[in-house]
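Student: Take a look at final_26.pdb, PDB, C-alpha atoms and all ligand atoms:
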```pdb
ATOM      1  CA  MET A   1       9.732 -23.934  -7.646
ATOM      2  CA  THR A   2      12.123 -20.966  -7.106
ATOM      3  CA  GLN A   3      12.852 -20.294  -3.444
ATOM      4  CA  ARG A   4      11.428 -16.970  -2.276
ATOM      5  CA  ILE A   5      13.928 -14.424  -0.956
ATOM      6  CA  ALA A   6      13.383 -12.186   2.093
ATOM      7  CA  LEU A   7      15.424  -9.499   3.818
ATOM      8  CA  VAL A   8      14.586  -8.858   7.489
ATOM      9  CA  THR A   9      16.090  -5.956   9.447
ATOM     10  CA  GLY A  10      16.513  -6.007  13.223
ATOM     11  CA  ALA A  11      16.853  -9.791  13.112
ATOM     12  CA  SER A  12      19.211 -10.121  16.082
ATOM     13  CA  SER A  13      16.358 -10.151  18.615
ATOM     14  CA  GLY A  14      12.633  -9.901  19.269
ATOM     15  CA  ILE A  15      10.220  -9.525  16.371
ATOM     16  CA  GLY A  16      12.902  -9.560  13.647
ATOM     17  CA  ARG A  17      14.513 -12.730  14.956
ATOM     18  CA  ALA A  18      11.162 -14.525  15.288
ATOM     19  CA  THR A  19      10.220 -13.359  11.771
ATOM     20  CA  ALA A  20      13.497 -14.526  10.204
ATOM     21  CA  LEU A  21      13.084 -17.964  11.801
ATOM     22  CA  LEU A  22       9.422 -18.323  10.780
ATOM     23  CA  LEU A  23      10.017 -17.207   7.184
ATOM     24  CA  ALA A  24      12.894 -19.691   6.883
ATOM     25  CA  GLU A  25      10.696 -22.474   8.322
ATOM     26  CA  ASN A  26       8.172 -21.623   5.620
ATOM     27  CA  GLY A  27      10.472 -21.975   2.664
ATOM     28  CA  TYR A  28      12.119 -18.565   2.391
ATOM     29  CA  TYR A  29      15.829 -17.881   2.061
ATOM     30  CA  VAL A  30      16.306 -15.065   4.598
ATOM     31  CA  PHE A  31      18.978 -12.378   4.749
ATOM     32  CA  ALA A  32      18.917 -11.426   8.440
ATOM     33  CA  ALA A  33      20.391  -7.982   9.198
ATOM     34  CA  ALA A  34      21.380  -6.175  12.406
ATOM     35  CA  ARG A  35      24.448  -4.746  14.137
ATOM     36  CA  ARG A  36      25.134  -7.559  16.636
ATOM     37  CA  MET A  37      26.726 -10.268  14.508
ATOM     38  CA  ASP A  38      27.194 -12.644  17.470
ATOM     39  CA  ARG A  39      23.418 -12.664  17.965
ATOM     40  CA  LEU A  40      22.779 -13.176  14.244
ATOM     41  CA  GLU A  41      25.209 -16.117  14.143
ATOM     42  CA  GLN A  42      22.876 -17.935  16.580
ATOM     43  CA  ILE A  43      20.230 -18.208  13.844
ATOM     44  CA  ARG A  44      22.529 -18.901  10.879
ATOM     45  CA  SER A  45      21.354 -21.948   8.907
ATOM     46  CA  ASP A  46      21.092 -23.216   5.323
ATOM     47  CA  ASP A  47      18.213 -20.754   4.884
ATOM     48  CA  ILE A  48      19.296 -17.825   7.082
ATOM     49  CA  GLU A  49      22.292 -15.683   6.134
ATOM     50  CA  PRO A  50      23.376 -13.075   8.696
ATOM     51  CA  ILE A  51      24.327  -9.592   7.482
ATOM     52  CA  GLU A  52      26.025  -7.110   9.795
ATOM     53  CA  LEU A  53      24.855  -3.548   9.271
ATOM     54  CA  ASP A  54      23.669  -0.362  10.893
ATOM     55  CA  VAL A  55      20.502   1.000   9.259
ATOM     56  CA  ILE A  56      21.946   4.514   9.342
ATOM     57  CA  ASP A  57      24.741   3.400   6.968
ATOM     58  CA  GLU A  58      23.416   3.947   3.443
ATOM     59  CA  ASP A  59      26.470   2.388   1.729
ATOM     60  CA  ALA A  60      26.130  -0.786   3.822
ATOM     61  CA  ILE A  61      22.465  -1.030   2.846
ATOM     62  CA  CYS A  62      23.280  -0.660  -0.873
ATOM     63  CA  ARG A  63      26.050  -3.273  -0.567
ATOM     64  CA  THR A  64      23.619  -5.626   1.196
ATOM     65  CA  VAL A  65      20.900  -5.304  -1.432
ATOM     66  CA  ASN A  66      23.497  -5.703  -4.217
ATOM     67  CA  HIS A  67      24.710  -8.862  -2.465
ATOM     68  CA  VAL A  68      21.119 -10.209  -2.284
ATOM     69  CA  ILE A  69      20.589  -9.574  -5.998
ATOM     70  CA  SER A  70      23.985 -10.851  -7.122
ATOM     71  CA  THR A  71      23.665 -14.104  -5.134
ATOM     72  CA  LYS A  72      19.930 -14.830  -5.429
ATOM     73  CA  GLY A  73      18.886 -12.789  -8.459
ATOM     74  CA  ARG A  74      15.756 -11.349  -6.831
ATOM     75  CA  ILE A  75      14.130 -10.028  -3.665
ATOM     76  CA  ASP A  76      10.539 -10.948  -2.885
ATOM     77  CA  VAL A  77      10.007  -9.574   0.616
ATOM     78  CA  LEU A  78      11.511  -6.750   2.677
ATOM     79  CA  VAL A  79      10.584  -6.668   6.374
ATOM     80  CA  ASN A  80      11.554  -3.242   7.732
ATOM     81  CA  ASN A  81      11.677  -3.817  11.470
ATOM     82  CA  ALA A  82      14.905  -2.476  13.056
ATOM     83  CA  GLY A  83      14.071   0.191  15.588
ATOM     84  CA  TYR A  84      13.970   1.383  19.167
ATOM     85  CA  GLY A  85      11.956   3.730  21.365
ATOM     86  CA  GLN A  86      13.348   7.041  22.586
ATOM     87  CA  LEU A  87      11.274   7.837  25.658
ATOM     88  CA  GLY A  88      11.212  11.153  27.495
ATOM     89  CA  ALA A  89       9.271  14.403  27.711
ATOM     90  CA  ILE A  90       9.479  16.543  24.561
ATOM     91  CA  GLU A  91      11.003  19.399  26.582
ATOM     92  CA  CYS A  92      13.832  17.195  27.790
ATOM     93  CA  VAL A  93      14.900  14.814  24.995
ATOM     94  CA  SER A  94      17.974  16.338  23.309
ATOM     95  CA  MET A  95      17.756  17.215  19.634
ATOM     96  CA  GLU A  96      20.635  14.810  19.037
ATOM     97  CA  ALA A  97      18.603  11.934  20.517
ATOM     98  CA  ALA A  98      15.540  13.035  18.535
ATOM     99  CA  HIS A  99      17.526  13.084  15.264
ATOM    100  CA  ARG A 100      18.882   9.623  16.001
ATOM    101  CA  GLN A 101      15.366   8.307  16.596
ATOM    102  CA  PHE A 102      14.381   9.465  13.103
ATOM    103  CA  GLU A 103      17.657   8.282  11.536
ATOM    104  CA  VAL A 104      16.980   4.716  12.666
ATOM    105  CA  ASN A 105      13.182   4.383  12.782
ATOM    106  CA  VAL A 106      12.279   6.509   9.749
ATOM    107  CA  PHE A 107      15.253   7.042   7.434
ATOM    108  CA  GLY A 108      16.468   3.494   8.094
ATOM    109  CA  TYR A 109      13.170   2.166   6.683
ATOM    110  CA  VAL A 110      13.276   4.582   3.759
ATOM    111  CA  ARG A 111      16.895   3.713   2.882
ATOM    112  CA  PHE A 112      15.901   0.055   2.588
ATOM    113  CA  MET A 113      12.793   0.821   0.531
ATOM    114  CA  GLN A 114      14.837   2.984  -1.847
ATOM    115  CA  ALA A 115      17.425   0.217  -2.210
ATOM    116  CA  VAL A 116      14.985  -2.640  -2.958
ATOM    117  CA  LEU A 117      12.303  -0.871  -5.018
ATOM    118  CA  PRO A 118      14.307  -0.637  -8.293
ATOM    119  CA  HIS A 119      14.763  -4.440  -8.195
ATOM    120  CA  MET A 120      11.137  -5.102  -7.254
ATOM    121  CA  ARG A 121       9.996  -2.792 -10.080
ATOM    122  CA  GLU A 122      12.216  -4.616 -12.559
ATOM    123  CA  GLN A 123      10.927  -8.046 -11.477
ATOM    124  CA  LYS A 124       7.359  -6.601 -11.375
ATOM    125  CA  SER A 125       6.641  -8.058  -7.950
ATOM    126  CA  GLY A 126       7.503  -7.597  -4.300
ATOM    127  CA  ARG A 127       6.081  -7.125  -0.865
ATOM    128  CA  ILE A 128       7.318  -4.659   1.752
ATOM    129  CA  VAL A 129       6.155  -5.106   5.349
ATOM    130  CA  ASN A 130       6.851  -2.080   7.524
ATOM    131  CA  ILE A 131       6.643  -2.738  11.256
ATOM    132  CA  THR A 132       5.122   0.318  12.863
ATOM    133  CA  SER A 133       3.384   0.452  16.272
ATOM    134  CA  VAL A 134       0.165   1.258  18.071
ATOM    135  CA  MET A 135       2.044   4.581  18.460
ATOM    136  CA  GLY A 136       1.757   5.039  14.692
ATOM    137  CA  LYS A 137      -1.819   6.222  15.231
ATOM    138  CA  ILE A 138      -1.823   7.555  18.785
ATOM    139  CA  SER A 139       0.633   9.572  20.859
ATOM    140  CA  THR A 140       0.894   9.611  24.641
ATOM    141  CA  PRO A 141       3.015  11.485  27.228
ATOM    142  CA  GLY A 142       6.651  10.408  27.255
ATOM    143  CA  PHE A 143       6.393   8.612  23.877
ATOM    144  CA  GLY A 144       6.394  11.736  21.674
ATOM    145  CA  TRP A 145       9.538  11.197  19.576
ATOM    146  CA  TYR A 146       8.928   7.488  19.176
ATOM    147  CA  ALA A 147       5.279   8.087  18.218
ATOM    148  CA  ALA A 148       6.362  10.797  15.756
ATOM    149  CA  SER A 149       8.751   8.357  14.074
ATOM    150  CA  LYS A 150       6.033   5.709  13.764
ATOM    151  CA  HIS A 151       3.439   8.238  12.509
ATOM    152  CA  ALA A 152       5.995   9.194   9.843
ATOM    153  CA  ILE A 153       6.348   5.552   8.774
ATOM    154  CA  GLU A 154       2.578   5.224   8.467
ATOM    155  CA  ALA A 155       2.399   8.324   6.245
ATOM    156  CA  LEU A 156       5.336   7.214   4.078
ATOM    157  CA  THR A 157       3.898   3.709   3.728
ATOM    158  CA  ASP A 158       0.517   4.998   2.581
ATOM    159  CA  ALA A 159       2.269   7.225   0.016
ATOM    160  CA  VAL A 160       4.630   4.605  -1.387
ATOM    161  CA  ARG A 161       1.832   2.008  -1.624
ATOM    162  CA  GLY A 162       0.022   4.224  -4.140
ATOM    163  CA  GLU A 163       3.259   4.950  -6.012
ATOM    164  CA  VAL A 164       4.272   1.343  -6.626
ATOM    165  CA  MET A 165       1.027  -0.654  -6.851
ATOM    166  CA  GLU A 166       1.110  -0.460 -10.655
ATOM    167  CA  PHE A 167       4.441  -2.335 -10.608
ATOM    168  CA  GLY A 168       3.016  -5.387  -8.819
ATOM    169  CA  ILE A 169       4.455  -4.290  -5.467
ATOM    170  CA  ASP A 170       2.416  -4.079  -2.249
ATOM    171  CA  VAL A 171       3.480  -2.211   0.897
ATOM    172  CA  VAL A 172       1.717  -2.981   4.182
ATOM    173  CA  LEU A 173       1.942  -2.038   7.847
ATOM    174  CA  ILE A 174       1.917  -4.262  10.897
ATOM    175  CA  ALA A 175       1.263  -2.309  14.086
ATOM    176  CA  PRO A 176       2.168  -4.176  17.284
ATOM    177  CA  GLY A 177       0.983  -3.254  20.747
ATOM    178  CA  LEU A 178       3.207  -4.115  23.688
ATOM    179  CA  ILE A 179       5.239  -7.262  22.855
ATOM    180  CA  LYS A 180       7.752  -8.972  25.120
ATOM    181  CA  THR A 181      11.183  -8.427  23.521
ATOM    182  CA  GLU A 182      14.329  -6.430  24.358
ATOM    183  CA  PHE A 183      12.426  -3.304  23.299
ATOM    184  CA  VAL A 184      11.029  -2.196  26.694
ATOM    185  CA  PRO A 185      14.227  -2.807  28.726
ATOM    186  CA  LYS A 186      16.146  -0.756  26.115
ATOM    187  CA  GLN A 187      13.484   2.002  26.281
ATOM    188  CA  LEU A 188      13.817   2.174  30.060
ATOM    189  CA  GLU A 189      17.623   2.374  29.796
ATOM    190  CA  LEU A 190      17.328   5.237  27.303
ATOM    191  CA  LEU A 191      14.805   7.007  29.527
ATOM    192  CA  LYS A 192      17.447   7.091  32.274
ATOM    193  CA  THR A 193      19.749   9.061  29.949
ATOM    194  CA  VAL A 194      17.247  11.940  29.655
ATOM    195  CA  ALA A 195      17.523  14.623  32.358
ATOM    196  CA  HIS A 196      14.018  15.520  33.558
ATOM    197  CA  PRO A 197      13.382  18.327  36.062
ATOM    198  CA  THR A 198      11.454  17.198  39.152
ATOM    199  CA  ALA A 199       8.295  18.778  37.690
ATOM    200  CA  TYR A 200       8.155  15.760  35.330
ATOM    201  CA  GLN A 201       8.643  13.159  38.032
ATOM    202  CA  LYS A 202       4.983  12.022  37.986
ATOM    203  CA  ILE A 203       5.172  11.335  34.250
ATOM    204  CA  ILE A 204       8.415   9.389  34.566
ATOM    205  CA  THR A 205       7.005   7.276  37.394
ATOM    206  CA  GLY A 206       3.862   6.729  35.278
ATOM    207  CA  LEU A 207       5.942   5.536  32.318
ATOM    208  CA  TYR A 208       7.686   2.983  34.502
ATOM    209  CA  ALA A 209       4.314   1.849  35.924
ATOM    210  CA  LEU A 210       2.926   1.392  32.406
ATOM    211  CA  LEU A 211       5.914  -0.513  31.084
ATOM    212  CA  VAL A 212       6.317  -2.903  34.000
ATOM    213  CA  ASN A 213       3.136  -4.587  32.699
ATOM    214  CA  GLU A 214       5.222  -5.730  29.754
ATOM    215  CA  PRO A 215       6.046  -9.181  31.251
ATOM    216  CA  THR A 216       2.371 -10.146  30.755
ATOM    217  CA  SER A 217       2.376  -9.154  27.076
ATOM    218  CA  PRO A 218       2.628 -11.716  24.245
ATOM    219  CA  GLY A 219       5.908 -12.816  22.694
ATOM    220  CA  PRO A 220       7.189 -11.766  19.237
ATOM    221  CA  GLU A 221       5.907 -14.947  17.544
ATOM    222  CA  ILE A 222       2.423 -13.442  17.070
ATOM    223  CA  ILE A 223       3.907 -10.579  15.066
ATOM    224  CA  ALA A 224       6.124 -12.968  13.076
ATOM    225  CA  GLN A 225       2.990 -14.950  12.163
ATOM    226  CA  ALA A 226       1.274 -11.726  11.038
ATOM    227  CA  VAL A 227       4.291 -10.925   8.833
ATOM    228  CA  LEU A 228       4.233 -14.400   7.297
ATOM    229  CA  ASP A 229       0.482 -14.046   6.630
ATOM    230  CA  ALA A 230       1.117 -10.653   5.021
ATOM    231  CA  THR A 231       3.658 -12.222   2.652
ATOM    232  CA  LYS A 232       1.356 -15.126   1.705
ATOM    233  CA  ASN A 233      -1.971 -13.342   1.332
ATOM    234  CA  SER A 234      -2.520 -12.011  -2.203
ATOM    235  CA  SER A 235      -4.345  -8.986  -0.767
ATOM    236  CA  PRO A 236      -3.290  -8.490   2.869
ATOM    237  CA  PRO A 237      -4.808  -5.789   5.111
ATOM    238  CA  VAL A 238      -2.931  -2.515   4.557
ATOM    239  CA  ARG A 239      -2.639  -2.053   8.338
ATOM    240  CA  HIS A 240      -2.855  -4.957  10.752
ATOM    241  CA  ALA A 241      -2.807  -3.981  14.457
ATOM    242  CA  LEU A 242      -2.338  -6.695  17.076
ATOM    243  CA  PRO A 243      -2.878  -7.890  19.751
ATOM    244  CA  LEU A 244      -6.439  -6.682  20.387
ATOM    245  CA  ASP A 245      -5.462  -3.872  22.781
ATOM    246  CA  ALA A 246      -3.478  -2.242  19.944
ATOM    247  CA  LYS A 247      -6.719  -1.978  17.955
ATOM    248  CA  MET A 248      -8.701  -0.812  20.994
ATOM    249  CA  ALA A 249      -6.264   1.992  21.851
ATOM    250  CA  VAL A 250      -6.666   3.504  18.371
ATOM    251  CA  ALA A 251     -10.476   3.115  18.548
ATOM    252  CA  ALA A 252     -10.507   4.791  21.988
ATOM    253  CA  ARG A 253      -8.483   7.759  20.692
ATOM    254  CA  TRP A 254     -10.953   8.154  17.806
ATOM    255  CA  LEU A 255     -14.030   7.812  20.069
ATOM    256  CA  PHE A 256     -12.809  10.023  22.923
ATOM    257  CA  GLY A 257     -11.090  12.775  20.950
ATOM    258  CA  ALA A 258      -7.656  14.175  21.856
ATOM    259  CA  ARG A 259      -8.378  15.840  25.234
ATOM    260  CA  LEU A 260     -10.449  13.098  26.813
ATOM    261  CA  PHE A 261      -7.982  10.491  25.500
ATOM    262  CA  ALA A 262      -5.057  12.394  27.085
ATOM    263  CA  TRP A 263      -6.982  12.543  30.382
ATOM    264  CA  VAL A 264      -7.729   8.788  30.280
ATOM    265  CA  ILE A 265      -4.072   8.010  29.552
ATOM    266  CA  ARG A 266      -2.937  10.251  32.410
ATOM    267  CA  ARG A 267      -5.310   8.352  34.739
ATOM    268  CA  GLN A 268      -4.051   5.009  33.433
ATOM    269  CA  MET A 269      -0.452   6.109  33.964
ATOM    270  CA  LYS A 270      -1.458   7.353  37.435
ATOM    271  CA  PHE A 271      -0.509  11.022  37.059
TER     272      PHE A 271
HETATM  273  P1  LIG A 301      14.209  -5.484  20.018
HETATM  274  O1  LIG A 301      14.933  -4.448  20.790
HETATM  275  O2  LIG A 301      14.114  -6.849  20.590
HETATM  276  O3  LIG A 301      14.809  -5.592  18.544
HETATM  277  C1  LIG A 301      15.184  -4.443  17.830
HETATM  278  C2  LIG A 301      16.060  -4.858  16.669
HETATM  279  O4  LIG A 301      16.419  -3.700  15.935
HETATM  280  C3  LIG A 301      17.335  -5.547  17.102
HETATM  281  O5  LIG A 301      17.563  -6.651  16.261
HETATM  282  C4  LIG A 301      18.399  -4.487  16.883
HETATM  283  O6  LIG A 301      19.608  -5.117  16.532
HETATM  284  C5  LIG A 301      17.827  -3.740  15.690
HETATM  285  N1  LIG A 301      18.366  -2.386  15.567
HETATM  286  C6  LIG A 301      18.191  -1.347  16.411
HETATM  287  N2  LIG A 301      18.871  -0.290  15.988
HETATM  288  C7  LIG A 301      19.508  -0.666  14.846
HETATM  289  C8  LIG A 301      20.389  -0.015  13.934
HETATM  290  N3  LIG A 301      20.780   1.252  14.102
HETATM  291  N4  LIG A 301      20.829  -0.711  12.863
HETATM  292  C9  LIG A 301      20.473  -1.994  12.674
HETATM  293  N5  LIG A 301      19.651  -2.665  13.505
HETATM  294  C10 LIG A 301      19.180  -2.005  14.571
HETATM  295  O7  LIG A 301      12.752  -4.868  19.774
HETATM  296  P2  LIG A 301      11.475  -5.423  18.990
HETATM  297  O8  LIG A 301      11.759  -6.689  18.328
HETATM  298  O9  LIG A 301      10.347  -5.343  19.925
HETATM  299  O10 LIG A 301      11.294  -4.232  17.945
HETATM  300  C11 LIG A 301      11.175  -4.453  16.553
HETATM  301  C12 LIG A 301      10.270  -3.399  15.952
HETATM  302  O11 LIG A 301       8.969  -3.517  16.524
HETATM  303  C13 LIG A 301      10.716  -1.959  16.197
HETATM  304  O12 LIG A 301      10.551  -1.216  14.996
HETATM  305  C14 LIG A 301       9.745  -1.455  17.257
HETATM  306  O13 LIG A 301       9.523  -0.073  17.168
HETATM  307  C15 LIG A 301       8.494  -2.246  16.903
HETATM  308  N6  LIG A 301       7.543  -2.368  17.997
HETATM  309  C16 LIG A 301       7.843  -3.086  19.143
HETATM  310  C17 LIG A 301       6.942  -3.152  20.186
HETATM  311  C18 LIG A 301       7.194  -3.916  21.452
HETATM  312  O14 LIG A 301       6.435  -3.743  22.430
HETATM  313  N7  LIG A 301       8.202  -4.778  21.490
HETATM  314  C19 LIG A 301       5.644  -2.452  20.108
HETATM  315  C20 LIG A 301       5.421  -1.755  18.870
HETATM  316  C21 LIG A 301       6.339  -1.722  17.874
HETATM  317  P3  LIG A 301      21.093  -4.654  16.906
HETATM  318  O15 LIG A 301      21.029  -3.946  18.220
HETATM  319  O16 LIG A 301      21.847  -5.950  16.933
HETATM  320  O17 LIG A 301      21.486  -3.790  15.761
END
```
Would you mind writing the structure in this file as structure tokens?
Ligand code: NDP
Tutor:
Amino acid sequence: MTQRIALVTGASSGIGRATALLLAENGYYVFAAARRMDRLEQIRSDDIEPIELDVIDEDAICRTVNHVISTKGRIDVLVNNAGYGQLGAIECVSMEAAHRQFEVNVFGYVRFMQAVLPHMREQKSGRIVNITSVMGKISTPGFGWYAASKHAIEALTDAVRGEVMEFGIDVVLIAPGLIKTEFVPKQLELLKTVAHPTAYQKIITGLYALLVNEPTSPGPEIIAQAVLDATKNSSPPVRHALPLDAKMAVAARWLFGARLFAWVIRRQMKF
């Protein structure tokens, strides 16, 4: 049987790394992409090939997909995962930081979809798994730009799914809640770079209080398993939120409405 070929972005840590390893364990040949090559080298094997790239570099993405096709002849699965969270109050996050958030989290995903879709259309098959977030359906104080980027991915995914289903291609979303990776420590570092007037101090303290719960959250393996399931299932759910609190947060927003939900979140974040 022909070996199935996957391309995973953000594979140097967290969810992407766990996904690359699990797909390889399950028979895939995996192209594992990220910027930190030293971290990618740690997972190199007969079935995992590291690729150094920045998702804002369109030429590097085209070269990577051309390399996949020229060496393996096909691409079965794209896992769009590379991303980070720009925290900070909307009034205070610089436009430069906001643009960068979209460059990586939104346009990075789109660049990869544009690069692989012609090949998937030609082979009349393919599966794209876009990693979004619980913040793809809700938005809470301090998470505005990150939530906006993930809402954008959800909208783009729903659009592209309808555009390519006739070519045998399926595009699905996996929406994690809080998962223990490098994500939260990096978010907190970025938050420090945003200058907030003292009027916002309660919100900043609340963000820290919320995110220090992260050590009790599950590891990235549960999301990797969901990705593997999404590649194996002939008709996977179009949006799979996990763990359970990621589903409950979206249900609460729907049940409470925007104002009551904002009030509940403010209470939870203790401001
Ligand atoms: P990590 O910080 O552990 O991993 C992020 C990965 O993205 C790294 O491999 C990093 O690699 C890569 N990356 C970041 N920026 C770029 C870039 N410009 N070009 C190429 N690669 C880049 O976080 P997670 O594993 O947790 O995050 C993975 C995805 O899951 C993200 O899309 C995130 O939004 C989403 N998510 C995470 C949640 C969580 O609680 N952990 C919750 C909800 C969603 P490198 O720095 O080497 O380039």
Student: What are the closest atom pairs, with distances in Å to one decimal, for each residue of chain A lying within 8 Å of ligand LIG 301 (chain A), using all atoms listed in the file, rows by chain and rising residue number, as a Markdown table?
Tutor:
```
| residue | atom | partner | partner_atom | distance |
| --- | --- | --- | --- | --- |
| A:Thr9 | CA | A:LIG301 | N5 | 6.3 |
| A:Gly10 | CA | A:LIG301 | O5 | 3.3 |
| A:Ala11 | CA | A:LIG301 | O5 | 4.5 |
| A:Ser12 | CA | A:LIG301 | O5 | 3.8 |
| A:Ser13 | CA | A:LIG301 | O5 | 4.4 |
| A:Gly14 | CA | A:LIG301 | O8 | 3.5 |
| A:Ile15 | CA | A:LIG301 | O8 | 3.8 |
| A:Gly16 | CA | A:LIG301 | O8 | 5.6 |
| A:Arg17 | CA | A:LIG301 | O5 | 6.9 |
| A:Ala33 | CA | A:LIG301 | N5 | 6.9 |
| A:Ala34 | CA | A:LIG301 | N5 | 4.1 |
| A:Arg35 | CA | A:LIG301 | O17 | 3.5 |
| A:Arg36 | CA | A:LIG301 | O16 | 3.7 |
| A:Met37 | CA | A:LIG301 | O16 | 7.0 |
| A:Arg39 | CA | A:LIG301 | O16 | 7.0 |
| A:Leu40 | CA | A:LIG301 | O16 | 7.8 |
| A:Leu53 | CA | A:LIG301 | C9 | 5.8 |
| A:Asp54 | CA | A:LIG301 | N4 | 3.5 |
| A:Val55 | CA | A:LIG301 | N4 | 4.0 |
| A:Ile56 | CA | A:LIG301 | N3 | 5.9 |
| A:Asn80 | CA | A:LIG301 | O12 | 7.6 |
| A:Asn81 | CA | A:LIG301 | O12 | 4.5 |
| A:Ala82 | CA | A:LIG301 | O4 | 3.5 |
| A:Gly83 | CA | A:LIG301 | O12 | 3.8 |
| A:Tyr84 | CA | A:LIG301 | O13 | 5.1 |
| A:Gly85 | CA | A:LIG301 | O13 | 6.2 |
| A:Val104 | CA | A:LIG301 | N3 | 5.3 |
| A:Asn105 | CA | A:LIG301 | O12 | 6.6 |
| A:Gly108 | CA | A:LIG301 | N4 | 7.7 |
| A:Ile131 | CA | A:LIG301 | O12 | 5.6 |
| A:Thr132 | CA | A:LIG301 | C21 | 5.5 |
| A:Ser133 | CA | A:LIG301 | C20 | 4.0 |
| A:Val134 | CA | A:LIG301 | C20 | 6.1 |
| A:Met135 | CA | A:LIG301 | C20 | 7.2 |
| A:Tyr146 | CA | A:LIG301 | O13 | 7.8 |
| A:Lys150 | CA | A:LIG301 | O13 | 7.6 |
| A:Ala175 | CA | A:LIG301 | C21 | 6.4 |
| A:Pro176 | CA | A:LIG301 | C20 | 4.4 |
| A:Gly177 | CA | A:LIG301 | C19 | 4.8 |
| A:Leu178 | CA | A:LIG301 | O14 | 3.5 |
| A:Ile179 | CA | A:LIG301 | O14 | 3.7 |
| A:Lys180 | CA | A:LIG301 | N7 | 5.6 |
| A:Thr181 | CA | A:LIG301 | O2 | 4.4 |
| A:Glu182 | CA | A:LIG301 | O2 | 3.8 |
| A:Phe183 | CA | A:LIG301 | O1 | 3.7 |
| A:Val184 | CA | A:LIG301 | O14 | 6.5 |
| A:Lys186 | CA | A:LIG301 | O1 | 6.6 |
| A:Glu214 | CA | A:LIG301 | O14 | 7.7 |
| A:Pro220 | CA | A:LIG301 | O8 | 6.9 |
```
Student: Please measure the separation of atom CA of A:Ile51 and atom CA of A:Gln114, giving the value in Å to one decimal.
Tutor: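 It comes out at 18.3 Å.
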Student: Evaluate the PyMOL selection byres (((chain A and resi 231) around 9) and not hetatm) here and jot the selected residues down as a list in words.
Tutor: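 When the PyMOL selection byres (((chain A and resi 231) around 9) and not hetatm) is applied, the selected residues are Asp76, Val77, Arg127, Ile128, Val129, Ala226, Val227, Leu228, Asp229, Ala230, Lys232, Asn233, Ser234 and Pro236 of chain A.
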Student: Show me, as AutoDock Vina command-line options, the centre and edge lengths in Å to one decimal of the axis-aligned box that covers every listed atom of stretch 71-79 of chain A with 4 Å on each side.
Tutor:
```
--center_x 16.8 --center_y -10.7 --center_z -1.0 --size_x 21.7 --size_y 16.2 --size_z 22.8
```
Student: In Å, with one decimal, what is the gap from atom CA of A:Gly168 to atom CA of A:Ser235?
Tutor: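 Going from atom CA of A:Gly168 over to atom CA of A:Ser235 covers 11.5 Å.
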Student: What is the distance between atom CA of A:Phe261 and atom CA of A:Leu244, in Å to one decimal?
Tutor: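 If I compute the distance from atom CA of A:Phe261 to atom CA of A:Leu244, I get 18.0 Å.
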Student: Residues picked by the PyMOL selection byres (((chain A and resi 155) around 12) and not hetatm) here, as a PyMOL selection string?
Tutor: chain A and resi 106+110+130+132+136-137+148-154+156-162+171-173+239
Student: Using all atoms listed in the file, which of A:Lys124, A:Phe107, A:Val194, A:Pro118 sits nearest A:Gly142?
Tutor: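 Looking only at the distances to A:Gly142, the closest residue turns out to be A:Val194.
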Student: Closest to A:Val116 among A:Val212, A:Leu87, A:Ala241, A:Ala6, using all atoms listed in the file?
Tutor: A:Ala6
Student: Please enumerate the residues selected by the PyMOL selection byres (((chain A and resi 26-29) around 7) and not hetatm) when evaluated against the supplied file, formatted as a ChimeraX atom specification.
Tutor: /A:3-6,22-25,30-31,47-48
Student: With only C-alpha atoms as the atoms that count, which of A:Thr193, A:Gln123, A:Asn66, A:Gln42 lies nearest to A:Ala97?
Tutor: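 The shortest atom-to-atom distance to A:Ala97 comes from A:Thr193.
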Student: Can you pull out every residue within 10 Å of A:Leu207, counting all atoms listed in the file, but drop anything in the same chain fewer than 3 positions away, and send it as a list in words?
Tutor: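 After dropping sequence-adjacent residues, the list is Leu87, Gly88, Pro141, Gly142, Phe143, Leu188, Leu191, Gln201, Lys202, Ile203, Ile204, Leu210, Leu211, Val212, Met269, Lys270 and Phe271 of chain A.
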Student: Give the answer as one residue: which of A:Ala209, A:Val164, A:Ile223, A:Leu7 has the shortest atom-to-atom distance to A:Lys72, using all atoms listed in the file?
Tutor: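 Checking each of A:Ala209, A:Val164, A:Ile223, A:Leu7 against A:Lys72, counting all atoms listed in the file, the winner is A:Leu7.
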Student: Find the residues around A:Arg259 up to 12 Å (only C-alpha atoms counted), leave out those fewer than 6 positions away in its own chain, and share them as a PyMOL selection string.
Tutor: chain A and resi 139-140+252-253+265-266
